[in-house]
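Asks: Sharing model_5.txt here; it has compact mmCIF, C-alpha atoms and all ligand atoms.
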```txt
# COMPACT_ATOMS: atom_id res chain seq x y z
CA MET A 1 44.32 101.29 121.83
CA THR A 2 44.40 104.98 122.74
CA PRO A 3 46.02 105.46 126.16
CA VAL A 4 43.68 106.78 128.86
CA VAL A 5 46.17 109.39 130.04
CA GLU A 6 49.25 110.79 128.31
CA LEU A 7 51.63 113.37 129.68
CA ASP A 8 53.75 115.00 127.02
CA ARG A 9 56.80 116.75 128.47
CA VAL A 10 54.78 118.07 131.39
CA SER A 11 56.47 120.39 133.88
CA HIS A 12 55.21 122.24 136.89
CA ILE A 13 57.17 125.02 138.54
CA PHE A 14 55.71 126.48 141.74
CA GLY A 15 56.25 130.21 142.16
CA ASP A 16 57.60 130.61 138.63
CA ARG A 17 57.98 134.25 137.60
CA GLY A 18 58.79 134.13 133.92
CA GLY A 19 61.57 131.58 134.29
CA LYS A 20 63.15 133.14 137.40
CA GLY A 21 63.35 131.11 140.58
CA GLY A 22 60.53 128.85 141.75
CA THR A 23 60.49 125.17 142.67
CA THR A 24 60.48 122.66 139.84
CA ALA A 25 58.13 120.00 141.19
CA VAL A 26 57.76 118.09 137.90
CA ALA A 27 60.26 118.28 135.05
CA GLU A 28 59.44 117.32 131.46
CA LEU A 29 57.59 114.18 132.43
CA ASP A 30 56.42 111.80 129.72
CA LEU A 31 53.92 109.24 130.91
CA THR A 32 51.46 106.84 129.28
CA VAL A 33 48.67 105.20 131.25
CA ARG A 34 47.02 102.33 129.41
CA GLN A 35 43.40 101.19 129.59
CA GLY A 36 42.67 98.80 132.44
CA GLU A 37 46.16 98.97 133.90
CA PHE A 38 47.33 99.74 137.40
CA THR A 39 50.07 102.34 137.21
CA THR A 40 51.95 103.55 140.28
CA LEU A 41 54.04 106.66 140.72
CA LEU A 42 56.73 105.78 143.24
CA GLY A 43 59.33 108.00 144.84
CA PRO A 44 60.44 109.71 148.03
CA SER A 45 58.54 112.54 149.65
CA GLY A 46 58.75 115.73 147.58
CA CYS A 47 59.58 114.04 144.25
CA GLY A 48 56.47 115.45 142.53
CA LYS A 49 53.95 112.60 142.80
CA THR A 50 51.02 114.62 144.15
CA THR A 51 51.75 117.48 141.77
CA THR A 52 51.59 115.05 138.84
CA LEU A 53 48.28 113.61 140.05
CA ARG A 54 46.77 117.06 140.59
CA MET A 55 47.68 117.99 137.02
CA ILE A 56 46.03 114.83 135.67
CA ALA A 57 42.91 115.71 137.71
CA GLY A 58 42.99 119.31 136.47
CA PHE A 59 43.40 120.99 139.87
CA LEU A 60 46.74 122.35 138.75
CA GLN A 61 47.87 123.54 135.33
CA PRO A 62 51.18 122.44 133.82
CA THR A 63 53.71 125.25 133.45
CA SER A 64 54.54 123.61 130.12
CA GLY A 65 53.68 120.46 128.23
CA ARG A 66 50.39 118.78 127.35
CA ILE A 67 47.99 116.37 129.01
CA LEU A 68 45.85 114.13 126.80
CA LEU A 69 42.85 112.23 128.14
CA GLU A 70 41.66 109.44 125.86
CA GLY A 71 43.65 110.97 123.05
CA VAL A 72 42.18 114.47 123.37
CA ASP A 73 44.21 117.48 124.55
CA ALA A 74 42.75 118.24 127.99
CA THR A 75 45.52 120.49 129.27
CA ARG A 76 43.07 123.36 129.87
CA THR A 77 39.97 121.27 130.66
CA PRO A 78 38.58 122.09 134.16
CA PRO A 79 38.44 119.22 136.70
CA GLU A 80 34.63 118.88 136.63
CA LYS A 81 34.75 118.23 132.87
CA ARG A 82 37.27 115.39 133.29
CA ASN A 83 35.76 112.04 134.16
CA ILE A 84 38.14 111.30 136.99
CA GLY A 85 37.68 109.62 140.38
CA MET A 86 39.96 110.54 143.27
CA VAL A 87 40.88 108.98 146.59
CA PHE A 88 43.17 110.80 149.01
CA GLN A 89 45.10 109.93 152.13
CA SER A 90 42.41 111.63 154.21
CA TYR A 91 39.04 110.07 153.49
CA ALA A 92 37.24 113.41 153.04
CA LEU A 93 33.74 111.99 153.57
CA PHE A 94 30.77 114.21 154.39
CA PRO A 95 30.16 113.57 158.13
CA HIS A 96 26.43 114.41 158.13
CA MET A 97 25.58 112.08 155.22
CA THR A 98 24.95 108.34 155.30
CA LEU A 99 27.40 106.12 153.46
CA ARG A 100 24.84 105.67 150.69
CA ASP A 101 24.58 109.44 150.24
CA ASN A 102 28.32 109.89 150.44
CA VAL A 103 28.87 107.33 147.71
CA GLY A 104 26.03 108.72 145.58
CA TYR A 105 27.27 112.30 145.89
CA GLY A 106 29.25 112.40 142.64
CA LEU A 107 26.34 110.85 140.75
CA ARG A 108 23.86 113.44 142.07
CA THR A 109 26.12 116.30 141.02
CA ARG A 110 26.21 114.64 137.58
CA LYS A 111 22.37 114.82 137.48
CA VAL A 112 21.85 111.06 137.50
CA ALA A 113 18.21 110.10 138.35
CA SER A 114 17.68 109.34 142.05
CA ASP A 115 16.73 105.63 141.71
CA GLU A 116 19.83 105.12 139.61
CA VAL A 117 21.97 106.99 142.18
CA ARG A 118 20.69 104.71 144.92
CA ARG A 119 21.23 101.57 142.87
CA ARG A 120 24.76 102.49 141.83
CA ALA A 121 25.73 103.70 145.32
CA GLU A 122 24.63 100.37 146.79
CA GLU A 123 26.42 98.47 144.06
CA ALA A 124 29.64 100.40 144.80
CA LEU A 125 29.27 99.81 148.55
CA ASP A 126 28.72 96.14 147.81
CA LEU A 127 31.95 96.08 145.82
CA VAL A 128 33.90 97.15 148.93
CA GLY A 129 31.89 94.88 151.26
CA LEU A 130 29.96 97.62 153.08
CA ALA A 131 26.46 97.37 151.58
CA HIS A 132 25.10 96.30 154.99
CA LEU A 133 26.25 99.62 156.53
CA ALA A 134 24.68 101.89 153.88
CA ASP A 135 22.58 103.80 156.44
CA ARG A 136 25.47 104.53 158.82
CA LYS A 137 27.39 107.81 159.09
CA PRO A 138 31.18 107.94 158.57
CA ALA A 139 31.91 108.55 162.29
CA GLU A 140 30.52 105.08 163.05
CA LEU A 141 33.21 103.41 160.92
CA SER A 142 36.85 102.46 161.39
CA GLY A 143 39.59 104.14 159.33
CA GLY A 144 39.83 101.20 156.97
CA GLN A 145 36.07 101.18 156.43
CA GLN A 146 36.05 104.93 155.78
CA GLN A 147 38.73 104.49 153.16
CA ARG A 148 36.61 101.78 151.51
CA VAL A 149 33.72 104.24 151.36
CA ALA A 150 35.99 106.83 149.74
CA LEU A 151 37.00 104.20 147.19
CA ALA A 152 33.35 103.25 146.55
CA ARG A 153 32.51 106.93 146.03
CA ALA A 154 35.30 107.33 143.46
CA VAL A 155 34.34 104.13 141.65
CA ALA A 156 30.58 104.88 141.60
CA ILE A 157 30.92 107.58 138.96
CA ARG A 158 32.57 105.03 136.63
CA PRO A 159 35.53 107.29 136.01
CA SER A 160 37.75 106.84 132.98
CA VAL A 161 40.65 106.90 135.42
CA LEU A 162 40.86 106.45 139.17
CA LEU A 163 43.56 108.56 140.86
CA LEU A 164 44.73 107.47 144.32
CA ASP A 165 47.11 109.63 146.37
CA GLU A 166 48.70 107.50 149.12
CA PRO A 167 45.25 106.15 150.05
CA LEU A 168 46.59 103.55 152.47
CA SER A 169 49.23 105.52 154.33
CA ASN A 170 46.94 106.52 157.23
CA LEU A 171 46.18 102.89 158.03
CA ASP A 172 48.19 100.69 160.38
CA ALA A 173 50.64 98.24 158.83
CA GLN A 174 48.49 95.11 158.93
CA LEU A 175 45.38 96.81 157.57
CA ARG A 176 47.46 98.50 154.90
CA VAL A 177 48.54 95.14 153.48
CA GLN A 178 44.97 93.82 153.60
CA MET A 179 43.60 96.96 151.89
CA ARG A 180 46.25 96.69 149.18
CA ARG A 181 44.83 93.31 148.16
CA GLU A 182 41.32 94.72 148.32
CA LEU A 183 42.25 97.69 146.15
CA LEU A 184 43.73 95.36 143.57
CA ARG A 185 40.63 93.15 143.63
CA VAL A 186 38.32 96.17 143.12
CA GLN A 187 40.47 97.43 140.25
CA ARG A 188 40.54 94.00 138.58
CA GLU A 189 36.81 93.42 139.08
CA THR A 190 35.80 96.79 137.67
CA GLY A 191 38.46 96.88 134.96
CA LEU A 192 39.15 100.49 135.96
CA THR A 193 42.32 102.27 134.92
CA ALA A 194 44.12 103.33 138.09
CA VAL A 195 47.04 105.62 138.91
CA LEU A 196 48.28 105.29 142.48
CA VAL A 197 50.85 107.49 144.19
CA THR A 198 52.99 105.90 146.89
CA HIS A 199 56.37 106.17 148.59
CA ASP A 200 56.15 102.50 149.61
CA GLN A 201 58.08 100.20 147.26
CA ASP A 202 56.31 97.04 148.51
CA GLU A 203 52.96 98.60 147.70
CA ALA A 204 54.15 99.57 144.21
CA LEU A 205 55.67 96.15 143.55
CA GLU A 206 52.52 94.35 144.60
CA LEU A 207 49.98 96.54 142.80
CA SER A 208 51.61 97.74 139.60
CA ASP A 209 51.24 96.66 136.06
CA THR A 210 53.59 99.56 135.40
CA MET A 211 55.63 101.35 138.03
CA VAL A 212 57.09 104.78 137.38
CA ILE A 213 59.93 105.85 139.64
CA LEU A 214 60.37 109.57 140.15
CA ASN A 215 63.17 111.57 141.71
CA GLU A 216 63.12 115.35 141.99
CA GLY A 217 60.32 115.61 139.45
CA ARG A 218 62.08 113.46 136.87
CA LEU A 219 61.39 109.97 135.65
CA GLU A 220 64.18 107.58 136.67
CA GLN A 221 62.76 104.29 135.39
CA GLN A 222 59.47 102.73 134.37
CA GLY A 223 58.36 99.22 133.64
CA SER A 224 56.68 96.23 135.18
CA PRO A 225 57.80 95.23 138.70
CA ARG A 226 59.29 92.04 137.25
CA ASP A 227 61.43 94.13 134.88
CA VAL A 228 62.37 96.95 137.22
CA PHE A 229 63.05 95.12 140.48
CA PRO A 230 65.83 92.81 139.28
CA ARG A 231 67.31 95.45 136.96
CA PRO A 232 67.36 98.91 138.52
CA ALA A 233 68.55 101.34 135.85
CA ASN A 234 70.73 103.45 138.12
CA ARG A 235 71.94 103.97 141.63
CA PHE A 236 68.95 106.05 142.73
CA VAL A 237 66.47 103.35 141.75
CA ALA A 238 68.68 100.65 143.24
CA GLU A 239 68.91 102.42 146.60
CA PHE A 240 65.21 103.15 146.60
CA LEU A 241 64.39 99.48 146.00
CA GLY A 242 66.64 98.32 148.84
CA TYR A 243 69.85 97.38 147.03
CA ASP A 244 71.99 98.38 149.99
CA ASN A 245 75.37 97.35 148.62
CA PHE A 246 77.60 99.08 146.08
CA PRO A 247 80.85 97.13 146.44
CA GLU A 248 83.92 97.61 144.32
CA VAL A 249 84.40 94.19 142.78
CA PRO A 250 87.69 93.47 140.96
CA GLY A 251 87.08 93.20 137.21
CA HIS A 252 83.69 94.95 137.36
CA GLY A 253 82.40 98.44 136.80
CA PRO A 254 79.85 99.81 139.29
CA VAL A 255 77.60 97.03 140.58
CA THR A 256 74.97 96.61 143.22
CA VAL A 257 73.68 93.56 145.07
CA ARG A 258 70.80 92.97 147.45
CA PRO A 259 71.43 92.12 151.13
CA GLU A 260 69.67 88.76 150.68
CA HIS A 261 71.92 87.78 147.78
CA VAL A 262 75.31 88.11 149.46
CA ARG A 263 76.50 84.98 151.27
CA LEU A 264 78.83 84.96 154.23
CA LEU A 265 80.89 81.80 154.65
CA SER A 266 82.75 81.10 157.85
CA GLY A 267 85.08 78.34 159.13
CA GLU A 268 85.75 75.51 156.67
CA ALA A 269 83.14 76.72 154.23
CA ARG A 270 85.30 79.78 153.48
CA GLU A 271 87.31 77.75 150.95
CA GLU A 272 84.34 76.72 148.84
CA SER A 273 82.83 80.03 147.79
CA GLY A 274 83.38 79.27 144.08
CA GLU A 275 82.05 82.55 142.76
CA THR A 276 83.55 85.96 143.35
CA GLY A 277 84.67 85.80 146.94
CA LEU A 278 86.31 88.50 149.00
CA ASP A 279 87.91 88.14 152.40
CA GLY A 280 86.14 90.11 155.05
CA THR A 281 85.54 90.68 158.74
CA VAL A 282 82.22 90.72 160.54
CA GLY A 283 81.19 94.04 162.08
CA GLU A 284 77.82 94.74 163.64
CA VAL A 285 75.30 91.86 163.87
CA THR A 286 71.62 92.66 164.39
CA PHE A 287 69.29 89.80 165.26
CA GLN A 288 66.01 90.13 163.32
CA GLY A 289 64.29 86.83 164.04
CA SER A 290 64.33 84.87 160.80
CA ASN A 291 67.62 86.54 159.72
CA CYS A 292 70.53 88.46 161.09
CA LEU A 293 71.52 91.69 159.42
CA VAL A 294 75.30 91.47 159.31
CA GLU A 295 77.73 94.19 158.32
CA ALA A 296 80.82 92.71 156.72
CA ALA A 297 83.88 94.79 155.86
CA ILE A 298 85.99 93.80 152.86
CA ASN A 299 89.55 93.38 154.14
CA GLY A 300 91.93 96.04 152.84
CA ALA A 301 89.16 98.12 151.25
CA GLU A 302 88.12 101.62 152.23
CA GLY A 303 85.28 104.01 151.52
CA PRO A 304 81.51 103.64 151.27
CA GLY A 305 81.61 100.46 149.12
CA SER A 306 83.84 98.57 151.56
CA VAL A 307 81.13 97.47 154.02
CA LEU A 308 78.37 95.15 152.84
CA ARG A 309 74.99 94.71 154.50
CA VAL A 310 73.97 91.07 154.37
CA LEU A 311 70.80 89.23 155.37
CA HIS A 312 72.34 86.14 156.87
CA PRO A 313 70.03 83.19 157.57
CA SER A 314 71.56 82.03 160.85
CA ASP A 315 72.79 83.56 164.09
CA ASP A 316 76.28 82.05 163.93
CA LEU A 317 78.44 85.12 163.31
CA ARG A 318 79.96 87.50 165.85
CA PRO A 319 81.85 90.79 165.45
CA GLY A 320 85.47 90.18 164.49
CA ASP A 321 84.86 86.77 162.84
CA PRO A 322 86.73 86.24 159.57
CA VAL A 323 84.37 85.48 156.67
CA ARG A 324 84.43 84.87 152.98
CA ILE A 325 81.98 87.24 151.26
CA ALA A 326 80.49 85.44 148.26
CA LEU A 327 78.91 87.57 145.54
CA PRO A 328 76.96 85.30 143.16
CA HIS A 329 77.49 86.59 139.62
CA ARG A 330 73.86 86.25 138.63
CA HIS A 331 72.86 88.64 141.39
CA LEU A 332 75.37 91.36 140.58
CA VAL A 333 73.50 94.18 138.82
CA GLU A 334 75.61 96.43 136.62
CA LEU A 335 74.96 100.14 136.98
CA PRO A 336 75.83 102.95 134.57
CA ALA A 337 79.50 103.93 134.91
CA ARG A 338 79.18 107.55 135.99
CA GLU A 339 75.89 109.24 136.12
CA VAL A 340 76.14 112.53 134.30
CA THR A 341 74.43 115.25 136.24
CA THR A 342 73.22 118.18 134.23
CA GLY A 343 71.80 121.53 135.22
N1 LIG B 401 51.63 124.56 146.70
C1 LIG B 401 52.96 124.51 146.63
N2 LIG B 401 53.73 125.61 146.62
C2 LIG B 401 55.07 125.55 146.51
N3 LIG B 401 55.75 124.39 146.41
C3 LIG B 401 55.08 123.25 146.43
C4 LIG B 401 53.64 123.24 146.54
N4 LIG B 401 53.22 121.93 146.51
C5 LIG B 401 54.34 121.19 146.41
N5 LIG B 401 55.44 121.97 146.36
C6 LIG B 401 56.83 121.49 146.19
O1 LIG B 401 56.91 120.72 144.99
C7 LIG B 401 57.70 119.55 145.21
C8 LIG B 401 56.89 118.31 144.91
O2 LIG B 401 55.83 118.21 145.84
P1 LIG B 401 54.75 117.04 145.80
O3 LIG B 401 54.23 116.90 144.42
O4 LIG B 401 53.77 117.33 146.87
O5 LIG B 401 55.64 115.77 146.18
P2 LIG B 401 55.22 114.31 146.69
O6 LIG B 401 53.76 114.15 146.52
O7 LIG B 401 56.02 113.39 145.80
O8 LIG B 401 55.67 114.21 148.11
C9 LIG B 401 58.24 119.65 146.63
O9 LIG B 401 59.51 120.25 146.57
C10 LIG B 401 57.24 120.54 147.30
O10 LIG B 401 57.84 121.23 148.37
MG MG B 402 52.30 113.69 147.95
```
Render the structure in this file as structure tokens.

Replies:
Amino acid sequence: MTPVVELDRVSHIFGDRGGKGGTTAVAELDLTVRQGEFTTLLGPSGCGKTTTLRMIAGFLQPTSGRILLEGVDATRTPPEKRNIGMVFQSYALFPHMTLRDNVGYGLRTRKVASDEVRRRAEEALDLVGLAHLADRKPAELSGGQQQRVALARAVAIRPSVLLLDEPLSNLDAQLRVQMRRELLRVQRETGLTAVLVTHDQDEALELSDTMVILNEGRLEQQGSPRDVFPRPANRFVAEFLGYDNFPEVPGHGPVTVRPEHVRLLSGEAREESGETGLDGTVGEVTFQGSNCLVEAAINGAEGPGSVLRVLHPSDDLRPGDPVRIALPHRHLVELPAREVTTG
């Protein structure tokens, strides 16, 4: 099937003056967004996520490269001629309009008949559980409800792709997790193709069919969460996904291991590590409730790889304790030997 969105070596340089200077926000990005899928663009602040989304929406032109929408070159198509729905971090609702009118707005500008506007606005509000508040104004709603209205408004036009730029990041932590589920439900129920921008790896892992990890405008890795999470392609992705440890293990090239996969054995148990075990000494211990975060230094080692961060399931270790650091082989992830940096 033809992908809904394709980026073909798309770059955007802000302040470019014929190749001199400027900020490269997006660099030769190739991206394919498939029908009905949830794609996330994940990366730290400033890596080019919003710039990529604005180019897909048509608010910003690529400096080079092509954008295809449903197989047709749309690189120069203005935003109003692209059938795209957008949701931003700020809800951007019209304060003087009722929710029904807010949600129907995009349909009215598309010259849909007024009964049909009303019907589809109510249907979209129903989808996000707010049909009973259709006559209210945005100021009478909570932040989470306002963001649901913004989502209903974007969905009401039946866009060929729904673009979401950090839509949940203004909400408090608990509501954010709840809204994540809701967003996924709406996307699954409508069958809409969605592209969501986030800097939150948990959000990306939970929502994505495909996650695309960006760093300084470049693609670092893409794939399903189940492919990417256990096998980060390089150190950047590993660090971003919370692989805190980059130990030097005898007989191995560069490896990484998650804090929850290292085991610390103390007392008698030190002898029975079985797998790769290194002698170490406990440093700082931070009590976190269900775990302790323990720093363990490999005896005789130096440098950044010599201290491991370990999620230890009990509060039985104290600074200075001798431990055996067990690194289960199946959890050691090999990384590329030396990352070549160009440019
Ligand atoms: N309007 C602009 N003018 C100049 N530079 C910009 C502009 N918008 C973004 N940038 C720069 O482009 C890079 C990518 O920005 P952005 O796409 O907003 O990142 P993200 O959304 O991932 O945080 C950053 O270095 C940012 O400073
Ligand atoms: Mg952004």

Asks: Identify, on the basis of all atoms listed in the file, every residue whose closest approach to stretch 183-187 of chain A does not exceed 9 Å; exclude the query and any residue fewer than 5 positions from it along the same chain; express the result as a list in words.

Replies: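 Contacts, in chain order: Gly36, Glu37, Phe38, Leu127, Val128, Arg148, Leu151, Gln178, Leu192, Thr193, Ala194, Glu206 and Leu207 of chain A.
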
Asks: Go ahead and dump the residues you just picked, C-alpha atoms, as a short mmCIF file (atom, residue, chain, number, x, y, z; two decimals), keeping the file's coordinate frame.

Replies:
```
data_model
loop_
_atom_site.label_atom_id
_atom_site.label_comp_id
_atom_site.auth_asym_id
_atom_site.auth_seq_id
_atom_site.Cartn_x
_atom_site.Cartn_y
_atom_site.Cartn_z
CA GLY A 36 42.67 98.80 132.44
CA GLU A 37 46.16 98.97 133.90
CA PHE A 38 47.33 99.74 137.40
CA LEU A 127 31.95 96.08 145.82
CA VAL A 128 33.90 97.15 148.93
CA ARG A 148 36.61 101.78 151.51
CA LEU A 151 37.00 104.20 147.19
CA GLN A 178 44.97 93.82 153.60
CA LEU A 192 39.15 100.49 135.96
CA THR A 193 42.32 102.27 134.92
CA ALA A 194 44.12 103.33 138.09
CA GLU A 206 52.52 94.35 144.60
CA LEU A 207 49.98 96.54 142.80
#
```

Asks: Could you pull the residues within 9 Å of A:Gly65, counting only C-alpha atoms, minus those fewer than 6 positions along the same chain, as a VMD selection string?

Replies: chain A and resid 7 to 12 28 to 29 75

Asks: At a cut-off of 12 Å, can you tabulate as a tab-separated table every residue of chain A near ligand MG 402 (chain B) together with its closest atom pair and the distance in Å to one decimal, using all atoms listed in the file and ordering rows by chain then number?

Replies:
```
residue	atom	partner	partner_atom	distance
A:Ala25	CA	B:MG402	MG	10.9
A:Leu41	CA	B:MG402	MG	10.2
A:Leu42	CA	B:MG402	MG	10.2
A:Gly43	CA	B:MG402	MG	9.6
A:Pro44	CA	B:MG402	MG	9.1
A:Ser45	CA	B:MG402	MG	6.6
A:Gly46	CA	B:MG402	MG	6.8
A:Cys47	CA	B:MG402	MG	8.2
A:Gly48	CA	B:MG402	MG	7.1
A:Lys49	CA	B:MG402	MG	5.5
A:Thr50	CA	B:MG402	MG	4.1
A:Thr51	CA	B:MG402	MG	7.3
A:Thr52	CA	B:MG402	MG	9.2
A:Leu53	CA	B:MG402	MG	8.9
A:Arg54	CA	B:MG402	MG	9.8
A:Phe88	CA	B:MG402	MG	9.6
A:Gln89	CA	B:MG402	MG	9.1
A:Ser90	CA	B:MG402	MG	11.9
A:Leu164	CA	B:MG402	MG	10.4
A:Asp165	CA	B:MG402	MG	6.8
A:Glu166	CA	B:MG402	MG	7.3
A:Pro167	CA	B:MG402	MG	10.5
A:Ser169	CA	B:MG402	MG	10.8
A:Leu196	CA	B:MG402	MG	10.8
A:Val197	CA	B:MG402	MG	7.4
A:Thr198	CA	B:MG402	MG	7.9
A:His199	CA	B:MG402	MG	8.6
A:Asp200	CA	B:MG402	MG	11.9
A:Leu214	CA	B:MG402	MG	12.0
A:Gly217	CA	B:MG402	MG	11.8
```

Asks: May I have the residues from that selection written out with C-alpha atoms, as a PDB file, in the frame of the given file?

Replies:
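Wrote it out as selection-v5.pdb, contents follow:
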```pdb
ATOM      1  CA  ALA A  25      58.130 120.000 141.190  1.00  0.00           C
ATOM      2  CA  LEU A  41      54.040 106.660 140.720  1.00  0.00           C
ATOM      3  CA  LEU A  42      56.730 105.780 143.240  1.00  0.00           C
ATOM      4  CA  GLY A  43      59.330 108.000 144.840  1.00  0.00           C
ATOM      5  CA  PRO A  44      60.440 109.710 148.030  1.00  0.00           C
ATOM      6  CA  SER A  45      58.540 112.540 149.650  1.00  0.00           C
ATOM      7  CA  GLY A  46      58.750 115.730 147.580  1.00  0.00           C
ATOM      8  CA  CYS A  47      59.580 114.040 144.250  1.00  0.00           C
ATOM      9  CA  GLY A  48      56.470 115.450 142.530  1.00  0.00           C
ATOM     10  CA  LYS A  49      53.950 112.600 142.800  1.00  0.00           C
ATOM     11  CA  THR A  50      51.020 114.620 144.150  1.00  0.00           C
ATOM     12  CA  THR A  51      51.750 117.480 141.770  1.00  0.00           C
ATOM     13  CA  THR A  52      51.590 115.050 138.840  1.00  0.00           C
ATOM     14  CA  LEU A  53      48.280 113.610 140.050  1.00  0.00           C
ATOM     15  CA  ARG A  54      46.770 117.060 140.590  1.00  0.00           C
ATOM     16  CA  PHE A  88      43.170 110.800 149.010  1.00  0.00           C
ATOM     17  CA  GLN A  89      45.100 109.930 152.130  1.00  0.00           C
ATOM     18  CA  SER A  90      42.410 111.630 154.210  1.00  0.00           C
ATOM     19  CA  LEU A 164      44.730 107.470 144.320  1.00  0.00           C
ATOM     20  CA  ASP A 165      47.110 109.630 146.370  1.00  0.00           C
ATOM     21  CA  GLU A 166      48.700 107.500 149.120  1.00  0.00           C
ATOM     22  CA  PRO A 167      45.250 106.150 150.050  1.00  0.00           C
ATOM     23  CA  SER A 169      49.230 105.520 154.330  1.00  0.00           C
ATOM     24  CA  LEU A 196      48.280 105.290 142.480  1.00  0.00           C
ATOM     25  CA  VAL A 197      50.850 107.490 144.190  1.00  0.00           C
ATOM     26  CA  THR A 198      52.990 105.900 146.890  1.00  0.00           C
ATOM     27  CA  HIS A 199      56.370 106.170 148.590  1.00  0.00           C
ATOM     28  CA  ASP A 200      56.150 102.500 149.610  1.00  0.00           C
ATOM     29  CA  LEU A 214      60.370 109.570 140.150  1.00  0.00           C
ATOM     30  CA  GLY A 217      60.320 115.610 139.450  1.00  0.00           C
TER      31      GLY A 217
END
```

Asks: Would you work out the distance separating atom CA of A:Arg258 from atom CA of A:Val177, expressed in Å to one decimal?

Replies: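 Spanning atom CA of A:Arg258 to atom CA of A:Val177 is a straight-line distance of 23.2 Å.
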
Asks: So how far away is atom CA of A:Gly251 from atom CA of A:Arg263, in Å?

Replies: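 Answer for the atom CA of A:Arg263 to atom CA of A:Gly251 separation: 19.4 Å.
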
Asks: Measure the distance from atom CA of A:Leu68 to atom CA of A:Leu219 in Å and round it to one decimal.

Replies: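 Distance reported for this atom pair: 18.4 Å.
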
Asks: So, counting all atoms listed in the file, which residue among A:Ala150, A:Met211, A:Gln61, A:Asp172 is closest to A:Thr32?

Replies: A:Met211

Asks: Compile the contact shell of A:Pro319 as a VMD selection string: residues with an atom at most 7 Å away, counting all atoms listed in the file, same-chain residues fewer than 6 positions apart removed.

Replies: chain A and resid 282 to 285

Asks: Between A:Thr190, A:Ser224, A:Asn215, A:Asn234, which has the minimum distance to ligand LIG 401 (chain B) (counting all atoms listed in the file)?

Replies: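 Residue with the minimum atom-to-atom distance to ligand LIG 401 (chain B): A:Asn215.
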
Asks: For stretch 16-26 of chain A, which lacks atoms in the input, supply N, CA, C and O atoms and format the output as a short mmCIF file (atom, residue, chain, number, x, y, z; two decimals), in the coordinates of the input.

Replies:
```
data_model
loop_
_atom_site.label_atom_id
_atom_site.label_comp_id
_atom_site.auth_asym_id
_atom_site.auth_seq_id
_atom_site.Cartn_x
_atom_site.Cartn_y
_atom_site.Cartn_z
N ASP A 16 56.82 130.20 139.81
CA ASP A 16 57.60 130.61 138.63
C ASP A 16 57.23 132.04 138.25
O ASP A 16 56.06 132.38 138.13
N ARG A 17 58.26 132.89 138.09
CA ARG A 17 57.98 134.25 137.60
C ARG A 17 58.76 134.46 136.31
O ARG A 17 59.86 134.98 136.34
N GLY A 18 58.15 133.97 135.23
CA GLY A 18 58.79 134.13 133.92
C GLY A 18 60.18 133.52 133.86
O GLY A 18 61.11 134.13 133.37
N GLY A 19 60.29 132.29 134.39
CA GLY A 19 61.57 131.58 134.29
C GLY A 19 62.56 131.91 135.39
O GLY A 19 63.65 131.36 135.43
N LYS A 20 62.20 132.80 136.31
CA LYS A 20 63.15 133.14 137.40
C LYS A 20 62.71 132.48 138.71
O LYS A 20 61.59 132.69 139.17
N GLY A 21 63.60 131.72 139.27
CA GLY A 21 63.35 131.11 140.58
C GLY A 21 62.25 130.08 140.54
O GLY A 21 61.97 129.48 139.50
N GLY A 22 61.60 129.85 141.67
CA GLY A 22 60.53 128.85 141.75
C GLY A 22 61.07 127.46 142.02
O GLY A 22 62.26 127.21 141.94
N THR A 23 60.14 126.56 142.38
CA THR A 23 60.49 125.17 142.67
C THR A 23 59.99 124.29 141.53
O THR A 23 58.80 124.27 141.25
N THR A 24 60.90 123.58 140.89
CA THR A 24 60.48 122.66 139.84
C THR A 24 60.01 121.37 140.49
O THR A 24 60.81 120.58 140.97
N ALA A 25 58.69 121.18 140.53
CA ALA A 25 58.13 120.00 141.19
C ALA A 25 58.08 118.82 140.22
O ALA A 25 58.26 117.67 140.61
N VAL A 26 57.81 119.12 138.94
CA VAL A 26 57.76 118.09 137.90
C VAL A 26 58.51 118.63 136.69
O VAL A 26 58.30 119.78 136.29
#
```
